[in-house]
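Student: Input query05.txt, format and content: compact mmCIF, C-alpha atoms.
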# COMPACT_ATOMS: atom_id res chain seq x y z
CA MET A 147 -18.97 -16.14 20.82
CA GLY A 148 -18.98 -19.36 18.85
CA ILE A 149 -17.98 -19.88 15.27
CA VAL A 150 -18.41 -16.26 14.15
CA GLY A 151 -15.97 -15.04 16.78
CA GLU A 152 -13.44 -17.68 15.76
CA PHE A 153 -13.74 -16.62 12.14
CA ILE A 154 -13.27 -12.91 12.90
CA ALA A 155 -10.29 -13.76 15.09
CA LEU A 156 -8.76 -15.89 12.33
CA ILE A 157 -8.99 -13.03 9.82
CA ALA A 158 -7.60 -10.55 12.35
CA PHE A 159 -4.68 -12.84 13.24
CA ILE A 160 -3.81 -13.44 9.60
CA ALA A 161 -3.75 -9.66 9.03
CA ALA A 162 -1.61 -9.27 12.16
CA ALA A 163 0.85 -11.88 10.89
CA ILE A 164 1.20 -10.17 7.51
CA PHE A 165 1.66 -6.69 8.92
CA GLY A 166 3.92 -7.86 11.73
CA THR A 167 6.24 -9.54 9.25
CA ALA A 168 6.22 -6.38 7.17
CA GLY A 169 7.14 -4.31 10.24
CA ILE A 170 10.11 -6.52 11.07
CA VAL A 171 11.27 -6.54 7.45
CA GLY A 172 10.92 -2.75 7.37
CA LEU A 173 13.19 -2.57 10.38
CA TYR A 174 16.00 -4.01 8.25
CA ARG A 175 15.26 -2.84 4.75
CA PHE A 176 15.74 0.92 4.87
CA PRO A 177 18.98 2.72 5.53
CA ASP A 178 18.03 5.49 7.95
CA PRO A 179 16.14 5.79 11.27
CA TYR A 180 13.23 7.80 9.88
CA ALA A 181 12.34 5.28 7.21
CA ARG A 182 12.73 2.41 9.66
CA LEU A 183 10.49 4.23 12.10
CA GLN A 184 7.88 4.85 9.42
CA ALA A 185 7.73 1.23 8.33
CA SER A 186 7.97 -0.43 11.71
CA SER A 187 5.75 1.97 13.63
CA LEU A 188 2.91 1.94 11.13
CA CYS A 189 2.93 -1.78 10.42
CA GLY A 190 3.57 -2.64 14.07
CA THR A 191 0.64 -0.51 15.20
CA THR A 192 -1.64 -2.16 12.69
CA ALA A 193 -0.47 -5.63 13.70
CA VAL A 194 -0.96 -5.04 17.41
CA PHE A 195 -4.35 -3.46 16.76
CA SER A 196 -5.41 -6.50 14.72
CA ILE A 197 -4.31 -8.79 17.54
CA PHE A 198 -6.43 -6.81 19.97
CA ILE A 199 -9.45 -7.09 17.68
CA GLY A 200 -8.90 -10.85 17.49
CA CYS A 201 -8.60 -11.10 21.26
CA LEU A 202 -11.79 -9.07 21.63
CA ALA A 203 -13.60 -11.55 19.39
CA LEU A 204 -12.33 -14.47 21.49
CA ALA A 205 -12.77 -12.88 24.92
CA SER A 206 -14.64 -15.18 27.26
CA SER A 207 -15.98 -12.79 29.87
CA LEU A 208 -17.18 -9.22 30.11
CA ALA A 209 -14.36 -8.18 32.45
CA ILE A 210 -11.73 -9.19 29.89
CA ALA A 211 -13.60 -7.49 27.05
CA ALA A 212 -13.94 -4.21 28.97
CA ARG A 213 -10.25 -4.21 29.82
CA LEU A 214 -9.35 -4.92 26.21
CA LEU A 215 -11.45 -1.95 25.12
CA VAL A 216 -9.64 0.35 27.56
CA ILE A 217 -6.30 -1.00 26.38
CA ILE A 218 -7.27 -0.39 22.74
CA MET A 219 -8.26 3.20 23.49
CA PHE A 220 -5.03 3.83 25.32
CA PHE A 221 -3.00 2.11 22.65
CA LEU A 222 -4.47 4.36 19.96
CA ILE A 223 -3.18 7.33 21.96
CA SER A 224 0.16 5.96 23.14
CA SER A 225 1.43 4.31 19.97
CA PRO A 226 1.61 7.40 17.73
CA THR A 227 2.93 9.37 20.68
CA GLY A 228 5.75 6.89 21.10
CA GLY A 229 6.57 7.13 17.40
CA HIS A 230 6.49 10.90 17.65
CA ILE A 231 8.91 10.87 20.61
CA VAL A 232 11.40 8.75 18.69
CA ALA A 233 11.03 10.91 15.57
CA LYS A 234 11.49 14.09 17.56
CA PHE A 235 14.58 12.65 19.22
CA ALA A 236 16.07 11.79 15.83
CA TRP A 237 15.13 15.24 14.46
CA ASN A 238 16.61 17.07 17.44
CA SER A 239 19.83 15.08 17.35
CA GLY A 240 20.36 16.36 13.82
CA ILE A 241 20.04 13.25 11.67
CA ASP A 242 19.35 14.17 8.06
CA PRO A 243 16.60 12.20 6.35
CA TRP A 244 17.73 9.71 3.77
CA ARG A 245 17.25 10.78 0.16
CA PRO A 246 17.20 8.03 -2.43
CA GLU A 247 19.07 8.39 -5.68
CA ARG A 248 17.04 10.47 -8.08
CA THR A 249 15.54 8.33 -10.81
CA GLU A 250 13.69 11.07 -12.62
CA ARG A 251 15.99 11.41 -15.59
CA PRO A 252 14.83 9.13 -18.38
CA ARG A 253 16.25 5.70 -18.07
CA ARG A 254 18.41 4.76 -20.99
CA ARG A 255 16.76 2.01 -22.97
CA TRP A 256 18.97 -0.73 -24.25
CA TRP A 257 17.28 -0.77 -27.63
CA LYS A 258 17.88 2.96 -28.09
CA ARG A 259 21.58 2.82 -27.41
CA ALA A 260 23.04 4.57 -30.36
CA MET B 720 -12.99 35.61 40.15
CA ARG B 721 -16.34 33.90 40.39
CA THR B 722 -16.03 32.38 36.91
CA VAL B 723 -12.56 31.14 37.66
CA ASN B 724 -13.77 29.28 40.71
CA ALA B 725 -16.72 27.76 38.90
CA TRP B 726 -14.44 26.65 36.09
CA ARG B 727 -12.04 25.12 38.58
CA LEU B 728 -14.87 23.21 40.20
CA MET B 729 -16.01 21.93 36.82
CA ARG B 730 -12.53 20.80 35.88
CA PHE B 731 -12.28 19.04 39.22
CA GLY B 732 -15.59 17.29 38.62
CA ILE B 733 -14.60 16.12 35.14
CA SER B 734 -11.26 14.77 36.36
CA PHE B 735 -12.99 12.95 39.20
CA GLY B 736 -15.56 11.43 36.84
CA ALA B 737 -12.93 10.18 34.39
CA LEU B 738 -10.79 8.64 37.13
CA TYR B 739 -13.74 6.98 38.81
CA ALA B 740 -14.99 5.50 35.52
CA VAL B 741 -11.58 3.91 34.90
CA TRP B 742 -11.54 2.58 38.47
CA ILE B 743 -14.93 0.92 38.06
CA VAL B 744 -13.95 -0.63 34.74
CA PHE B 745 -10.77 -2.05 36.19
CA THR B 746 -12.00 -3.40 39.47
CA ALA B 747 -15.15 -4.75 37.74
CA SER B 748 -16.96 -5.10 41.07
CA VAL B 749 -19.69 -3.13 42.81
CA ASP B 750 -18.88 -3.91 46.45
CA ALA B 751 -19.45 -1.06 48.85
CA PHE B 752 -15.83 -1.21 50.01
CA SER B 753 -14.44 -1.12 46.48
CA LEU B 754 -16.66 1.79 45.45
CA PHE B 755 -15.76 3.73 48.60
CA THR B 756 -12.01 3.22 48.21
CA GLY B 757 -12.20 4.22 44.58
CA ALA B 758 -14.09 7.39 45.42
CA ILE B 759 -11.52 8.40 48.03
CA GLY B 760 -8.62 7.71 45.70
CA SER B 761 -10.23 9.49 42.76
CA LEU B 762 -11.00 12.52 44.93
CA ALA B 763 -7.42 12.76 46.17
CA ILE B 764 -5.88 12.34 42.72
CA ALA B 765 -8.36 14.74 41.11
CA ALA B 766 -7.61 17.35 43.76
CA LEU B 767 -3.89 17.01 43.08
CA THR B 768 -3.88 16.84 39.28
CA HIS B 769 -6.97 18.53 37.83
CA ASP B 770 -4.82 21.54 36.98
CA ILE B 771 -2.60 19.38 34.75
CA PHE B 772 -5.38 17.20 33.38
CA ILE B 773 -7.26 20.17 31.94
CA ALA B 774 -5.29 23.40 31.74
CA GLN B 775 -7.00 26.57 32.90
CA HIS B 776 -6.74 28.41 29.61
CA GLU B 777 -8.90 25.82 27.84
CA ALA B 778 -11.68 28.16 28.74
CA SER B 779 -14.71 26.44 27.32
CA LEU B 780 -16.40 23.11 27.67
CA ARG B 781 -16.60 22.72 23.88
CA ALA B 782 -12.82 22.71 23.75
CA PHE B 783 -12.47 19.20 25.13
CA VAL B 784 -15.91 17.61 25.30
CA PRO B 785 -16.36 15.95 21.91
CA ARG B 786 -19.60 15.35 20.11
CA PRO B 787 -19.98 11.61 20.72
CA LEU B 788 -21.38 10.46 17.40
CA VAL B 789 -18.92 12.46 15.36
CA LEU B 790 -16.11 11.14 17.53
CA VAL B 791 -17.12 7.54 16.85
CA GLY B 792 -17.23 8.32 13.14
CA PHE B 793 -13.78 9.87 13.37
CA LEU B 794 -12.38 6.81 15.15
CA ALA B 795 -13.84 4.50 12.51
CA PHE B 796 -12.29 6.65 9.80
CA LEU B 797 -8.98 6.58 11.69
CA VAL B 798 -8.94 2.78 11.83
CA TYR B 799 -9.88 2.56 8.16
CA SER B 800 -7.09 4.92 7.14
CA MET B 801 -4.66 3.02 9.35
CA TYR B 802 -5.30 -0.21 7.44
CA LEU B 803 -5.20 1.64 4.12
CA SER B 804 -1.84 3.22 4.88
CA SER B 805 -0.44 -0.07 6.12
CA VAL B 806 -1.27 -1.66 2.79
CA GLN B 807 0.42 1.22 0.99
CA MET B 808 3.46 0.81 3.22
CA LEU B 809 3.45 -2.92 2.41
CA VAL B 810 3.57 -2.15 -1.31
CA ALA B 811 6.39 0.35 -0.77
CA LEU B 812 8.29 -2.26 1.26
CA ILE B 813 7.99 -4.91 -1.41
CA ARG B 814 8.95 -2.62 -4.27
CA GLY B 815 11.63 -0.91 -2.23
CA ARG B 816 10.72 2.45 -3.69
CA ALA B 817 10.17 5.51 -1.54
CA ASN B 818 10.48 9.25 -1.71
CA PRO B 819 10.99 10.67 1.78
CA ARG B 820 10.82 14.42 2.35
CA VAL B 821 10.35 16.79 5.27
CA VAL B 822 7.47 19.25 4.79
CA HIS B 823 6.21 22.15 6.93
CA PHE B 824 2.70 23.51 7.12
CA ARG B 825 0.22 25.18 9.45
CA THR B 826 -3.07 24.04 10.90
CA ARG B 827 -6.24 26.02 11.46
CA LEU B 828 -7.37 24.11 14.56
CA LYS B 829 -7.65 26.25 17.67
CA THR B 830 -7.59 24.06 20.78
CA ASP B 831 -4.60 22.18 22.15
CA LEU B 832 -6.45 18.88 22.34
CA ALA B 833 -7.59 19.01 18.73
CA ARG B 834 -4.07 19.85 17.59
CA MET B 835 -2.68 16.96 19.57
CA VAL B 836 -5.21 14.59 18.05
CA LEU B 837 -4.39 15.96 14.59
CA ALA B 838 -0.68 15.31 15.16
CA ASN B 839 -1.45 11.78 16.30
CA SER B 840 -3.75 11.17 13.35
CA ILE B 841 -1.12 12.37 10.90
CA THR B 842 1.08 9.57 12.15
CA PHE B 843 -1.59 7.20 10.87
CA THR B 844 -1.94 8.58 7.35
CA PRO B 845 0.06 6.98 4.54
CA GLY B 846 3.63 7.16 5.72
CA THR B 847 3.74 10.41 7.62
CA ILE B 848 5.15 11.08 11.08
CA THR B 849 4.91 14.35 12.97
CA LEU B 850 8.39 15.49 13.90
CA ASP B 851 7.53 18.71 15.68
CA LEU B 852 4.39 20.53 16.78
CA ASN B 853 4.99 24.15 17.67
CA ASP B 854 1.80 26.13 18.33
CA ASP B 855 0.16 25.76 14.93
CA HIS B 856 3.23 24.86 12.92
CA LEU B 857 3.74 21.20 12.06
CA THR B 858 6.91 19.58 10.78
CA VAL B 859 6.14 16.28 9.11
CA HIS B 860 8.34 13.55 7.69
CA TRP B 861 6.51 12.27 4.64
CA PHE B 862 7.57 8.89 3.38
CA LEU B 863 5.80 8.68 0.02
CA ALA B 864 5.93 12.34 -0.95
CA THR B 865 4.39 13.55 -4.18
CA THR B 866 5.00 17.29 -3.94
CA ARG B 867 7.31 19.81 -2.30
CA HIS B 868 4.98 22.78 -2.23
CA SER B 869 4.12 23.32 1.43
CA ARG B 870 0.47 24.30 1.09
CA ALA B 871 -0.30 21.49 -1.33
CA ALA B 872 1.55 19.05 0.94
CA GLY B 873 -0.45 20.29 3.93
CA ASP B 874 -3.70 19.83 2.08
CA ILE B 875 -2.79 16.29 1.14
CA VAL B 876 -1.44 15.23 4.52
CA LYS B 877 -3.93 16.77 6.92
CA GLY B 878 -6.86 17.47 4.61
CA LYS B 879 -9.24 14.67 5.46
CA PHE B 880 -8.51 14.79 9.18
CA GLU B 881 -8.72 18.50 9.80
CA ASP B 882 -12.27 18.92 8.52
CA ARG B 883 -13.51 15.98 10.55
CA LEU B 884 -11.72 17.17 13.68
CA ARG B 885 -13.27 20.60 13.38
CA ARG B 886 -16.64 18.95 13.66
CA VAL B 887 -15.62 16.92 16.72
CA TRP B 888 -14.15 19.76 18.77
CA SER B 889 -15.00 23.32 17.90
CA MET C 866 -4.65 -20.12 17.11
CA LEU C 867 -3.74 -18.06 20.17
CA ASP C 868 -0.69 -20.27 20.78
CA ALA C 869 0.48 -19.87 17.20
CA MET C 870 0.23 -16.09 17.50
CA GLN C 871 2.30 -16.20 20.67
CA TRP C 872 5.08 -18.07 18.85
CA PHE C 873 4.86 -15.59 15.98
CA LEU C 874 5.21 -12.67 18.37
CA LEU C 875 8.23 -14.35 19.94
CA ALA C 876 9.88 -14.49 16.50
CA CYS C 877 9.06 -10.81 15.93
CA ALA C 878 10.55 -9.94 19.32
CA ILE C 879 13.79 -11.70 18.38
CA GLY C 880 13.94 -9.72 15.13
CA ALA C 881 13.42 -6.45 16.97
CA LEU C 882 16.00 -7.39 19.59
CA LEU C 883 18.61 -8.03 16.90
CA ARG C 884 18.00 -4.53 15.54
CA LEU C 885 18.18 -3.17 19.08
CA LEU C 886 21.59 -4.75 19.56
CA ALA C 887 22.91 -3.96 16.08
CA GLY C 888 21.49 -0.48 15.49
CA PRO C 889 24.28 1.87 14.50
CA SER C 890 22.79 5.01 16.05
CA ALA C 891 20.82 5.72 19.20
CA ALA C 892 17.72 6.58 17.15
CA ASP C 893 17.77 3.10 15.58
CA ARG C 894 17.81 1.51 19.01
CA LEU C 895 14.89 3.67 20.11
CA VAL C 896 12.92 2.61 17.03
CA ALA C 897 13.51 -1.04 17.89
CA LEU C 898 12.51 -0.40 21.50
CA ASN C 899 9.29 1.21 20.33
CA VAL C 900 8.41 -1.86 18.26
CA LEU C 901 9.40 -4.17 21.10
CA SER C 902 7.05 -2.48 23.56
CA GLY C 903 4.15 -2.97 21.16
CA ILE C 904 5.03 -6.63 20.74
CA VAL C 905 5.16 -7.24 24.48
CA LEU C 906 1.82 -5.50 24.90
CA ALA C 907 0.19 -7.74 22.31
CA PHE C 908 1.81 -10.80 23.90
CA LEU C 909 0.39 -9.95 27.31
CA ALA C 910 -3.09 -9.44 25.86
CA LEU C 911 -2.92 -12.78 24.01
CA ARG C 912 -1.78 -14.59 27.11
CA GLY C 913 -4.53 -13.03 29.20
CA VAL C 914 -7.21 -14.14 26.76
CA ARG C 915 -5.65 -17.62 26.40
CA GLN C 916 -5.58 -18.31 30.11
CA GLU C 917 -8.78 -16.38 30.79
CA ARG C 918 -7.21 -14.30 33.50
CA ALA C 919 -7.95 -10.59 33.62
CA ILE C 920 -4.85 -9.89 35.69
CA TYR C 921 -2.62 -10.15 32.60
CA LEU C 922 -4.63 -7.35 30.99
CA ASP C 923 -4.09 -5.09 34.00
CA VAL C 924 -0.39 -5.76 33.65
CA ALA C 925 -0.67 -4.99 29.92
CA LEU C 926 -2.27 -1.58 30.51
CA VAL C 927 0.27 -0.58 33.15
CA TYR C 928 3.04 -1.82 30.88
CA ASP C 929 1.68 0.34 28.08
CA ILE C 930 1.72 3.45 30.27
CA PHE C 931 5.17 2.83 31.68
CA GLY C 932 6.71 1.69 28.42
CA PHE C 933 5.64 5.00 26.95
CA LEU C 934 7.02 6.97 29.91
CA GLY C 935 10.21 4.93 29.77
CA LEU C 936 10.66 5.78 26.10
CA LEU C 937 10.26 9.47 26.95
CA ALA C 938 12.78 9.21 29.78
CA ILE C 939 15.36 7.41 27.63
CA ALA C 940 14.98 9.95 24.80
CA ARG C 941 15.39 12.80 27.29
CA PHE C 942 18.43 11.19 28.88
CA LEU C 943 20.15 10.55 25.56
CA LYS C 944 19.44 14.12 24.42
CA ASP C 945 20.95 15.58 27.58
CA LYS C 946 23.97 13.32 27.22
CA ALA C 947 24.44 14.32 23.57
CA MET C 948 24.22 17.99 24.50
CA ALA C 949 26.73 17.56 27.32
CA ASP C 950 29.12 15.80 24.94
CA GLY C 951 28.65 18.57 22.43
CA GLU C 952 29.60 21.20 25.00
CA GLU C 953 32.74 19.33 25.94
CA ASP C 954 34.01 19.27 22.38
Would you encode the structure as structure tokens?

Tutor:
Amino acid sequence: MGIVGEFIALIAFIAAAIFGTAGIVGLYRFPDPYARLQASSLCGTTAVFSIFIGCLALASSLAIAARLLVIIMFFLISSPTGGHIVAKFAWNSGIDPWRPERTERPRRRWWKRA
Amino acid sequence: MRTVNAWRLMRFGISFGALYAVWIVFTASVDAFSLFTGAIGSLAIAALTHDIFIAQHEASLRAFVPRPLVLVGFLAFLVYSMYLSSVQMLVALIRGRANPRVVHFRTRLKTDLARMVLANSITFTPGTITLDLNDDHLTVHWFLATTRHSRAAGDIVKGKFEDRLRRVWS
Amino acid sequence: MLDAMQWFLLACAIGALLRLLAGPSAADRLVALNVLSGIVLAFLALRGVRQERAIYLDVALVYDIFGFLGLLAIARFLKDKAMADGEED
């Protein structure tokens, strides 16, 4: 592949590192399973997909590239399905989604405090 | 009766073709022995499972054979929207602000496969996860909700995907 | 580059494992397990490309299939258990 492949792989791996970190942070930041699932599943899927793209750019033989393509296709099917299974489990076991505190009422400004 | 048999034969053929293609990709060799073993195995598995692989009531070829070019376009759009929604999720993570709601709406897609793909695609759009898919009724957990009205929510969540999917399978 | 990504994935796996051990509810643990299976899949693919061996990628595909089936089985098992507990109460 040469230098172009290395460059594509570098960009893909940097994206994977950013989104992977975000996924792990999302696993700890929100207070209920649905929100954690949203953050970690979406960012994790993107990170793993980016890693696959990087691997595809660095693949040394046709056999490896073909297998990576099949894995990518299957991953695009299986990853949302896995997320859906977890979400359905949480929904069926009766966990209520987390509602944040409403912030719609006008915030009291310190300079308007009568 | 005649149509049923022909349809069964066609389903069998499609299952066999798909299995054999995967076999060839994974063995990555064209020896006579490898090809022969793969054919035997694919025949046996297709004979056992073609009824599950493609259900009988999917009674037309259009229901599961996609238009190739449109499918590639759809996949490209899917990947693009995946990156877009990840960036949105990143912003929501950093600011710590979210507005999760559960919304219900219906889809107009007819075939099982297209509905399944729609449910999977919804999981890719900005912060939405399909909780339940019951015939044509979807329950979706929406992380960055902007409205509660079910039809408006449905238009926002599924809008871009449904039109494209109707061109892929229909 | 590939080695650095492997170390990064190892760190991510430790983070997910901590959530798996600490998660207060069963759904939290399943979420962590879902993330963990994706991480392991990416790790196998990276290792296969690094060592230029296609066999790792075969393992990765089979792991993908069975990780997904395993998730389904665990969710089913926990649901049945929760329902049985509910009937006992």

Student: Calculate how many Å separate atom CA of B:Val836 from atom CA of A:Asp178, rounding to one decimal.

Tutor: 26.9 Å

Student: Report as a Markdown table the residues of chain B within 9 Å of chain A, each with its shortest atom pair and distance in Å (one decimal), using only C-alpha atoms, ordered by chain and increasing residue number.

Tutor:
| residue | atom | partner | partner_atom | distance |
| --- | --- | --- | --- | --- |
| B:Val741 | CA | A:Val216 | CA | 8.4 |
| B:Val744 | CA | A:Ala212 | CA | 6.8 |
| B:Phe745 | CA | A:Arg213 | CA | 6.7 |
| B:Thr746 | CA | A:Ala209 | CA | 8.8 |
| B:Ala747 | CA | A:Ala209 | CA | 6.4 |
| B:Val798 | CA | A:Thr192 | CA | 8.9 |
| B:Met801 | CA | A:Thr192 | CA | 6.9 |
| B:Tyr802 | CA | A:Thr192 | CA | 6.7 |
| B:Ser804 | CA | A:Leu188 | CA | 8.0 |
| B:Ser805 | CA | A:Cys189 | CA | 5.7 |
| B:Val806 | CA | A:Phe165 | CA | 8.5 |
| B:Met808 | CA | A:Ala185 | CA | 6.7 |
| B:Leu809 | CA | A:Ala168 | CA | 6.5 |
| B:Leu812 | CA | A:Gly172 | CA | 6.7 |
| B:Ile813 | CA | A:Ala168 | CA | 8.9 |
| B:Gly815 | CA | A:Arg175 | CA | 8.1 |
| B:Arg816 | CA | A:Pro246 | CA | 8.6 |
| B:Ala817 | CA | A:Pro246 | CA | 7.5 |
| B:Asn818 | CA | A:Pro246 | CA | 6.9 |
| B:Pro819 | CA | A:Arg245 | CA | 6.5 |
| B:Arg820 | CA | A:Pro243 | CA | 7.4 |
| B:Val821 | CA | A:Pro243 | CA | 7.8 |
| B:Val836 | CA | A:Ile223 | CA | 8.5 |
| B:Ala838 | CA | A:Pro226 | CA | 8.6 |
| B:Asn839 | CA | A:Pro226 | CA | 5.5 |
| B:Ser840 | CA | A:Pro226 | CA | 7.9 |
| B:Ile841 | CA | A:Pro226 | CA | 8.9 |
| B:Thr842 | CA | A:Pro226 | CA | 6.0 |
| B:Phe843 | CA | A:Leu188 | CA | 6.9 |
| B:Pro845 | CA | A:Leu188 | CA | 8.8 |
| B:Gly846 | CA | A:Gln184 | CA | 6.1 |
| B:Thr847 | CA | A:Gln184 | CA | 7.2 |
| B:Ile848 | CA | A:His230 | CA | 6.7 |
| B:Thr849 | CA | A:His230 | CA | 6.0 |
| B:Leu850 | CA | A:Lys234 | CA | 5.0 |
| B:Asp851 | CA | A:Lys234 | CA | 6.4 |
| B:His860 | CA | A:Tyr180 | CA | 7.9 |
| B:Trp861 | CA | A:Gln184 | CA | 8.9 |
| B:Phe862 | CA | A:Ala181 | CA | 7.1 |

Student: Show me the residues around (17.7, 3.5, 14.5) - criterion: an atom at most 8 Å away, all atoms listed in the file counted - as a list in words.

Tutor: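 Answer for this query, in the requested form: Asp178, Pro179, Tyr180, Arg182 and Leu183 of chain A; Gly888, Pro889, Ser890, Ala891, Ala892, Asp893, Arg894, Leu895, Val896 and Ala897 of chain C.
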
Student: Give me, as CSV, each residue of chain C that comes within 7 Å of chain A, together with its shortest interatomic pair and the distance in Å at one decimal, counting only C-alpha atoms, with rows ordered by chain and rising residue number.

Tutor:
residue,atom,partner,partner_atom,distance
C:Cys877,CA,A:Ile170,CA,6.6
C:Gly880,CA,A:Ile170,CA,6.4
C:Ala881,CA,A:Ile170,CA,6.8
C:Ala892,CA,A:Ala236,CA,5.6
C:Asp893,CA,A:Pro179,CA,5.3
C:Leu895,CA,A:Val232,CA,6.3
C:Val896,CA,A:Leu183,CA,5.7
C:Asn899,CA,A:Gly228,CA,6.7
C:Val900,CA,A:Gly190,CA,6.4
C:Gly903,CA,A:Val194,CA,6.7
C:Ala907,CA,A:Val194,CA,5.7
C:Leu911,CA,A:Cys201,CA,6.5
C:Val914,CA,A:Ala205,CA,6.0
C:Glu917,CA,A:Ser206,CA,6.9
C:Ala919,CA,A:Ile210,CA,5.5
C:Leu922,CA,A:Arg213,CA,6.5
C:Leu926,CA,A:Ile217,CA,5.8
C:Phe933,CA,A:Gly228,CA,6.1
C:Leu937,CA,A:Ile231,CA,6.6
C:Ala940,CA,A:Phe235,CA,6.2

Student: Between atom CA of C:Ala876 and atom CA of C:Arg915, what distance in Å does the model show, to one decimal?

Tutor: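 These atoms are spaced 18.7 Å apart.
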
Student: Please measure the separation of atom CA of B:Arg727 and atom CA of B:Asp770, giving the value in Å to one decimal.

Tutor: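 That distance, rounded to one decimal, is 8.2 Å.
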